[in-house]
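Worksheet: the structure to be examined is printed underneath.
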Amino acid sequence: MSDVKNMFDLTGKKAIVVGGAGDLGRSVSAALCEAGAGVVIIARGEKGEQYAAFLRDRGFDADCVAADLSERAQVDQSFYSAVERLDGSVDILVNAAGLQRRHRCEEFPMSDWEMVLEVNLTALWRYCQLAGRRMIPRRSGKIINIASMLSYFGGYTVPAYAASKGGVAQLTKALSNEWAGKGLNINAIAPGYMDTKMNKNIVSDPRRNSEILQRIPAQRWGKGDDLKGVVVFLAGPGSNYINGAIIPVDGGYLGR
Ligand SMILES: NC(=O)c1ccc[n+]([C@@H]2O[C@H](COP(=O)([O-])OP(=O)(O)OC[C@H]3O[C@@H](n4cnc5c(N)ncnc54)[C@H](O)[C@@H]3O)[C@@H](O)[C@H]2O)c1
């Protein structure tokens, strides 16, 4: 019988966190490290190395690979480099990169549409595929995709983001249908309104801020640390019979 204390212990596990140096990604990377996993962050520019160094200073096993996720060759290359740094295998993949572009639908530039879909959905798909190929022969692995409230709602002036995040939720279920029987758990977390730079325009607009707060039963914006528990749960054995779920972490927003 499993001891519940072990269900949140990731000692010896190897994790890749794509976007692991972003506002929410940093909490994901820290949570996995604090639960005992070795983590390789995939991030653009120097942010990934800076955060990996911060984690190493705290005594954790963290490293980084740089990649621009809008370049398909860099997606593949970064995955292979990350696995190499993890000594050849990966137990946990978290897809936490993403970007937002806002324009009215009738004016939405194709270049922004393509960029959002490429980074939020196509790169995520490819990392899932590459990780799945490594995990299936071992009949074990945890994939956690970061979805959104826009996996449920259409939003306003964010058609590409809504399409991409709807896609992330559907893709999570599609992968789970094929891979759950092969020993893998593929799930998604749908954060609610989080106080991050992606939302800085809304947080700093008193009218929009108060409209949103009125709809959140918990009466506050979410923060990165609100994701830590659910990430560790989905990455560990406590979630072995959870497959294809989209778990909201939203202070009750969806229930209103
Ligand atoms: N902030 C929120 O309220 C919120 C709510 C729901 C879902 N999300 C999702 O959570 C995830 C993390 O968001 P966040 O708030 O931490 O945003 P963030 O901007 O702080 O982090 C996103 C990360 O993705 C990376 N990224 C973007 N384009 C990239 C590219 N071309 N190549 C490599 N990396 C790239 C950024 O560098 C950044 O590190 C995203 O998928 C986002 O859609 C955020």
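A note on labels: chains of the structure tokens are A, B, ... as shown, every chain counts residues from 1, and ligands are counted from 1 in their shown order.
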
Report as a CSV table (one decimal) with N, CA and C atoms, in the first residue's frame all protein, DNA and RNA residues lying within 7 Å of Leu93 (chain A), evaluated on only C-alpha atoms, omitting residues in the same chain fewer than 3 positions from it.
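result.csv was written with the following content:
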```csv
chain,number,residue,atom,x,y,z
A,15,ALA,N,13.0,16.3,-14.2
A,15,ALA,CA,11.9,17.1,-14.7
A,15,ALA,C,12.4,18.1,-15.7
A,16,ILE,N,11.6,18.4,-16.8
A,16,ILE,CA,11.9,19.5,-17.7
A,16,ILE,C,10.7,20.4,-17.5
A,17,VAL,N,11.0,21.7,-17.3
A,17,VAL,CA,10.0,22.7,-17.2
A,17,VAL,C,10.2,23.7,-18.3
A,142,LYS,N,4.9,11.7,-16.3
A,142,LYS,CA,3.9,12.7,-15.9
A,142,LYS,C,4.1,13.9,-16.8
A,143,ILE,N,3.0,14.3,-17.5
A,143,ILE,CA,3.0,15.5,-18.4
A,143,ILE,C,2.0,16.4,-17.8
A,144,ILE,N,2.4,17.7,-17.6
A,144,ILE,CA,1.5,18.7,-17.0
A,144,ILE,C,1.5,19.9,-17.9
```

Per residue of chain A within 6 Å of ligand 1, what are the shortest atom pair and its distance in Å to one decimal, counting only C-alpha atoms and all ligand atoms, with rows by chain and residue number, as CSV?
```
residue,atom,partner,partner_atom_place_in_ligand_line,distance
A:Gly19,CA,ligand 1,23 (C),4.5
A:Ala21,CA,ligand 1,39 (O),5.0
A:Gly22,CA,ligand 1,39 (O),3.4
A:Asp23,CA,ligand 1,16 (O),3.6
A:Leu24,CA,ligand 1,16 (O),3.6
A:Gly25,CA,ligand 1,16 (O),5.3
A:Ala43,CA,ligand 1,34 (N),5.0
A:Arg44,CA,ligand 1,33 (C),4.3
A:Ala67,CA,ligand 1,33 (C),5.6
A:Asp68,CA,ligand 1,32 (N),3.6
A:Leu69,CA,ligand 1,32 (N),3.7
A:Ser70,CA,ligand 1,31 (N),4.6
A:Ala96,CA,ligand 1,11 (C),4.5
A:Ala97,CA,ligand 1,24 (O),3.3
A:Gly98,CA,ligand 1,41 (O),3.7
A:Leu99,CA,ligand 1,27 (C),5.0
A:Val119,CA,ligand 1,31 (N),5.8
A:Ile146,CA,ligand 1,41 (O),5.3
A:Ala147,CA,ligand 1,7 (C),5.6
A:Ser148,CA,ligand 1,6 (C),4.0
A:Pro191,CA,ligand 1,6 (C),4.3
A:Gly192,CA,ligand 1,5 (C),5.4
A:Tyr193,CA,ligand 1,3 (O),4.5
A:Met194,CA,ligand 1,3 (O),3.7
A:Thr196,CA,ligand 1,1 (N),4.9
A:Met198,CA,ligand 1,1 (N),5.0
A:Asn199,CA,ligand 1,3 (O),5.9
```

Output file for the selection above: C-alpha atoms, as an mmCIF file, in the first residue's frame:
```cif
data_model
loop_
_atom_site.group_PDB
_atom_site.id
_atom_site.type_symbol
_atom_site.label_atom_id
_atom_site.label_comp_id
_atom_site.auth_asym_id
_atom_site.auth_seq_id
_atom_site.Cartn_x
_atom_site.Cartn_y
_atom_site.Cartn_z
ATOM 1 C CA GLY A 19 8.973 28.262 -19.579
ATOM 2 C CA ALA A 21 11.682 30.963 -15.567
ATOM 3 C CA GLY A 22 8.426 32.852 -16.252
ATOM 4 C CA ASP A 23 6.203 34.327 -13.547
ATOM 5 C CA LEU A 24 4.247 31.093 -13.004
ATOM 6 C CA GLY A 25 7.007 28.822 -14.323
ATOM 7 C CA ALA A 43 13.663 29.297 -21.519
ATOM 8 C CA ARG A 44 14.448 32.087 -23.923
ATOM 9 C CA ALA A 67 15.497 28.061 -26.788
ATOM 10 C CA ASP A 68 13.155 30.229 -28.801
ATOM 11 C CA LEU A 69 9.958 28.194 -28.965
ATOM 12 C CA SER A 70 8.822 29.875 -32.158
ATOM 13 C CA ALA A 96 4.521 26.473 -18.770
ATOM 14 C CA ALA A 97 5.593 28.792 -21.597
ATOM 15 C CA GLY A 98 3.100 30.991 -23.356
ATOM 16 C CA LEU A 99 2.367 34.423 -24.684
ATOM 17 C CA VAL A 119 4.447 28.917 -28.995
ATOM 18 C CA ILE A 146 -0.614 24.845 -18.316
ATOM 19 C CA ALA A 147 -4.027 25.654 -19.768
ATOM 20 C CA SER A 148 -6.104 28.733 -18.815
ATOM 21 C CA PRO A 191 -4.850 28.928 -13.652
ATOM 22 C CA GLY A 192 -7.445 31.607 -13.040
ATOM 23 C CA TYR A 193 -6.658 35.312 -12.886
ATOM 24 C CA MET A 194 -3.075 35.482 -11.663
ATOM 25 C CA THR A 196 1.542 38.389 -13.115
ATOM 26 C CA MET A 198 0.795 38.907 -18.399
ATOM 27 C CA ASN A 199 -2.146 40.616 -16.626
#
```

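Residues within 10 Å of Gly88 (chain A), counting only C-alpha atoms and excluding same-chain residues fewer than 5 positions away, are A:Lys14, A:Tyr80, A:Ser81, A:Ala82, A:Val83, A:Arg134.
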
If you run DSSP on this backbone, which residues of region 14-52 of chain A come out as strand (DSSP E), and could you give them as a compact mmCIF listing (two decimals) with N, CA and C atoms, in the first residue's frame?
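Result went into result.txt, see below:
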```txt
# COMPACT_ATOMS: atom_id res chain seq x y z
N LYS A 14 13.34 13.26 -12.56
CA LYS A 14 13.97 14.21 -13.47
C LYS A 14 12.88 14.96 -14.23
N ALA A 15 12.98 16.27 -14.17
CA ALA A 15 11.89 17.10 -14.73
C ALA A 15 12.42 18.12 -15.72
N ILE A 16 11.61 18.36 -16.75
CA ILE A 16 11.85 19.46 -17.68
C ILE A 16 10.70 20.44 -17.51
N VAL A 17 11.02 21.71 -17.29
CA VAL A 17 9.97 22.74 -17.19
C VAL A 17 10.18 23.75 -18.31
N VAL A 18 9.34 23.65 -19.33
CA VAL A 18 9.41 24.59 -20.45
C VAL A 18 8.75 25.90 -19.98
N GLY A 38 15.25 16.79 -9.83
CA GLY A 38 16.23 17.56 -10.58
C GLY A 38 15.49 18.22 -11.74
N VAL A 39 15.78 19.50 -11.98
CA VAL A 39 14.99 20.26 -12.95
C VAL A 39 15.88 20.90 -14.01
N VAL A 40 15.49 20.73 -15.27
CA VAL A 40 16.09 21.53 -16.35
C VAL A 40 15.01 22.46 -16.88
N ILE A 41 15.32 23.75 -16.84
CA ILE A 41 14.41 24.78 -17.35
C ILE A 41 14.74 25.02 -18.82
N ILE A 42 13.70 25.08 -19.66
CA ILE A 42 13.91 25.54 -21.04
C ILE A 42 13.31 26.93 -21.13
N ALA A 43 14.14 27.91 -21.51
CA ALA A 43 13.66 29.30 -21.52
C ALA A 43 14.42 30.10 -22.56
```

Point to revise | Length of the CA of Ile136 (chain A) to CA of Gly183 (chain A) vector [Å] | key: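 Distance reported for this atom pair: 7.2 Å.
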
Review point. Where in region 14-234 of chain A does DSSP assign alpha helix (DSSP H), given as a PyMOL selection string?
Key: chain A and resi 23-34+47-57+72-85+110-117+123-135+159-179+200-203+206-215+228-234

Practice item. Could you give me, as a VMD selection string, the residues within 7 Å of Val231 (chain A), counting only C-alpha atoms and dropping anything in the same chain fewer than 4 positions from it? Key: chain A and resid 28 227 235

Check your understanding: Hey, can you check how far CA of Ala53 (chain A) sits from CA of Ala35 (chain A)?
Key -> 17.8 Å

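Each of A:Ala218, A:Ala160, A:Ala188, A:Ile212 was checked against His103 (chain A) using only C-alpha atoms; the smallest atom-to-atom distance is that of A:Ala160.
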
**Study point:** Which of A:Ala62, A:Met135, A:Cys33, A:Val203 sits closest to Lys182 (chain A) [using only C-alpha atoms]
**Key:**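 Smallest distance to Lys182 (chain A) is found for A:Met135.
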
Exercise for review: Please measure the separation of CA of Val94 (chain A) and CA of Trp221 (chain A), giving the value in Å to one decimal.
Suggested key: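 The value is 22.6 Å.
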
Exercise for review: Can you pull out every residue within 7 Å of Asn187 (chain A), counting only C-alpha atoms, but drop anything in the same chain fewer than 6 positions away, and send it as a PyMOL selection string?
Suggested key: chain A and resi 143-145+172+243-246

N, CA and C atoms of the current selection, written as an mmCIF file, in the first residue's frame:
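In the end it all went to out-v5.cif:
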```cif
data_model
loop_
_atom_site.group_PDB
_atom_site.id
_atom_site.type_symbol
_atom_site.label_atom_id
_atom_site.label_comp_id
_atom_site.auth_asym_id
_atom_site.auth_seq_id
_atom_site.Cartn_x
_atom_site.Cartn_y
_atom_site.Cartn_z
ATOM 1 N N ILE A 143 3.012 14.261 -17.537
ATOM 2 C CA ILE A 143 3.047 15.473 -18.362
ATOM 3 C C ILE A 143 1.969 16.420 -17.843
ATOM 4 N N ILE A 144 2.382 17.655 -17.588
ATOM 5 C CA ILE A 144 1.458 18.654 -17.025
ATOM 6 C C ILE A 144 1.485 19.875 -17.935
ATOM 7 N N ASN A 145 0.364 20.169 -18.541
ATOM 8 C CA ASN A 145 0.277 21.336 -19.424
ATOM 9 C C ASN A 145 -0.418 22.482 -18.710
ATOM 10 N N THR A 172 -4.523 17.758 -24.324
ATOM 11 C CA THR A 172 -4.243 17.027 -23.076
ATOM 12 C C THR A 172 -5.116 15.771 -23.011
ATOM 13 N N ASN A 243 -6.254 11.141 -15.102
ATOM 14 C CA ASN A 243 -5.852 11.128 -16.512
ATOM 15 C C ASN A 243 -6.721 12.070 -17.330
ATOM 16 N N GLY A 244 -6.074 12.943 -18.067
ATOM 17 C CA GLY A 244 -6.818 13.818 -18.980
ATOM 18 C C GLY A 244 -7.650 14.873 -18.267
ATOM 19 N N ALA A 245 -7.284 15.190 -17.030
ATOM 20 C CA ALA A 245 -8.055 16.188 -16.272
ATOM 21 C C ALA A 245 -7.528 17.597 -16.531
ATOM 22 N N ILE A 246 -8.436 18.546 -16.509
ATOM 23 C CA ILE A 246 -8.047 19.958 -16.571
ATOM 24 C C ILE A 246 -8.435 20.518 -15.202
#
```

Exercise for review: Considering only C-alpha atoms, state which residue in the set A:Val75, A:Ala190, A:Ile202, A:Ala180 is at the smallest distance from Ile242 (chain A).
Suggested key: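 Result for the nearest residue to Ile242 (chain A): A:Ala180.
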
Exercise for review: May I have the residues within 12 Å of region 108-117 of chain A as a PyMOL selection string, using only C-alpha atoms and disregarding those fewer than 3 positions away in the same chain?
Suggested key: chain A and resi 68-72+97-105+120-125+156-168

Practice item. Find the residues near Leu254 (chain A): any atom within 8 Å, counting only C-alpha atoms, skip ones fewer than 4 places away on the same chain, and give them as a ChimeraX atom specification. Key: /A:149,248,250

Check your understanding: Between A:Ile92, A:Gly251, A:Gly20, A:Ala37, which one has atoms that come closest to Ala66 (chain A), using only C-alpha atoms?
Key ->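 So, comparing all the options, the nearest one is A:Gly20.
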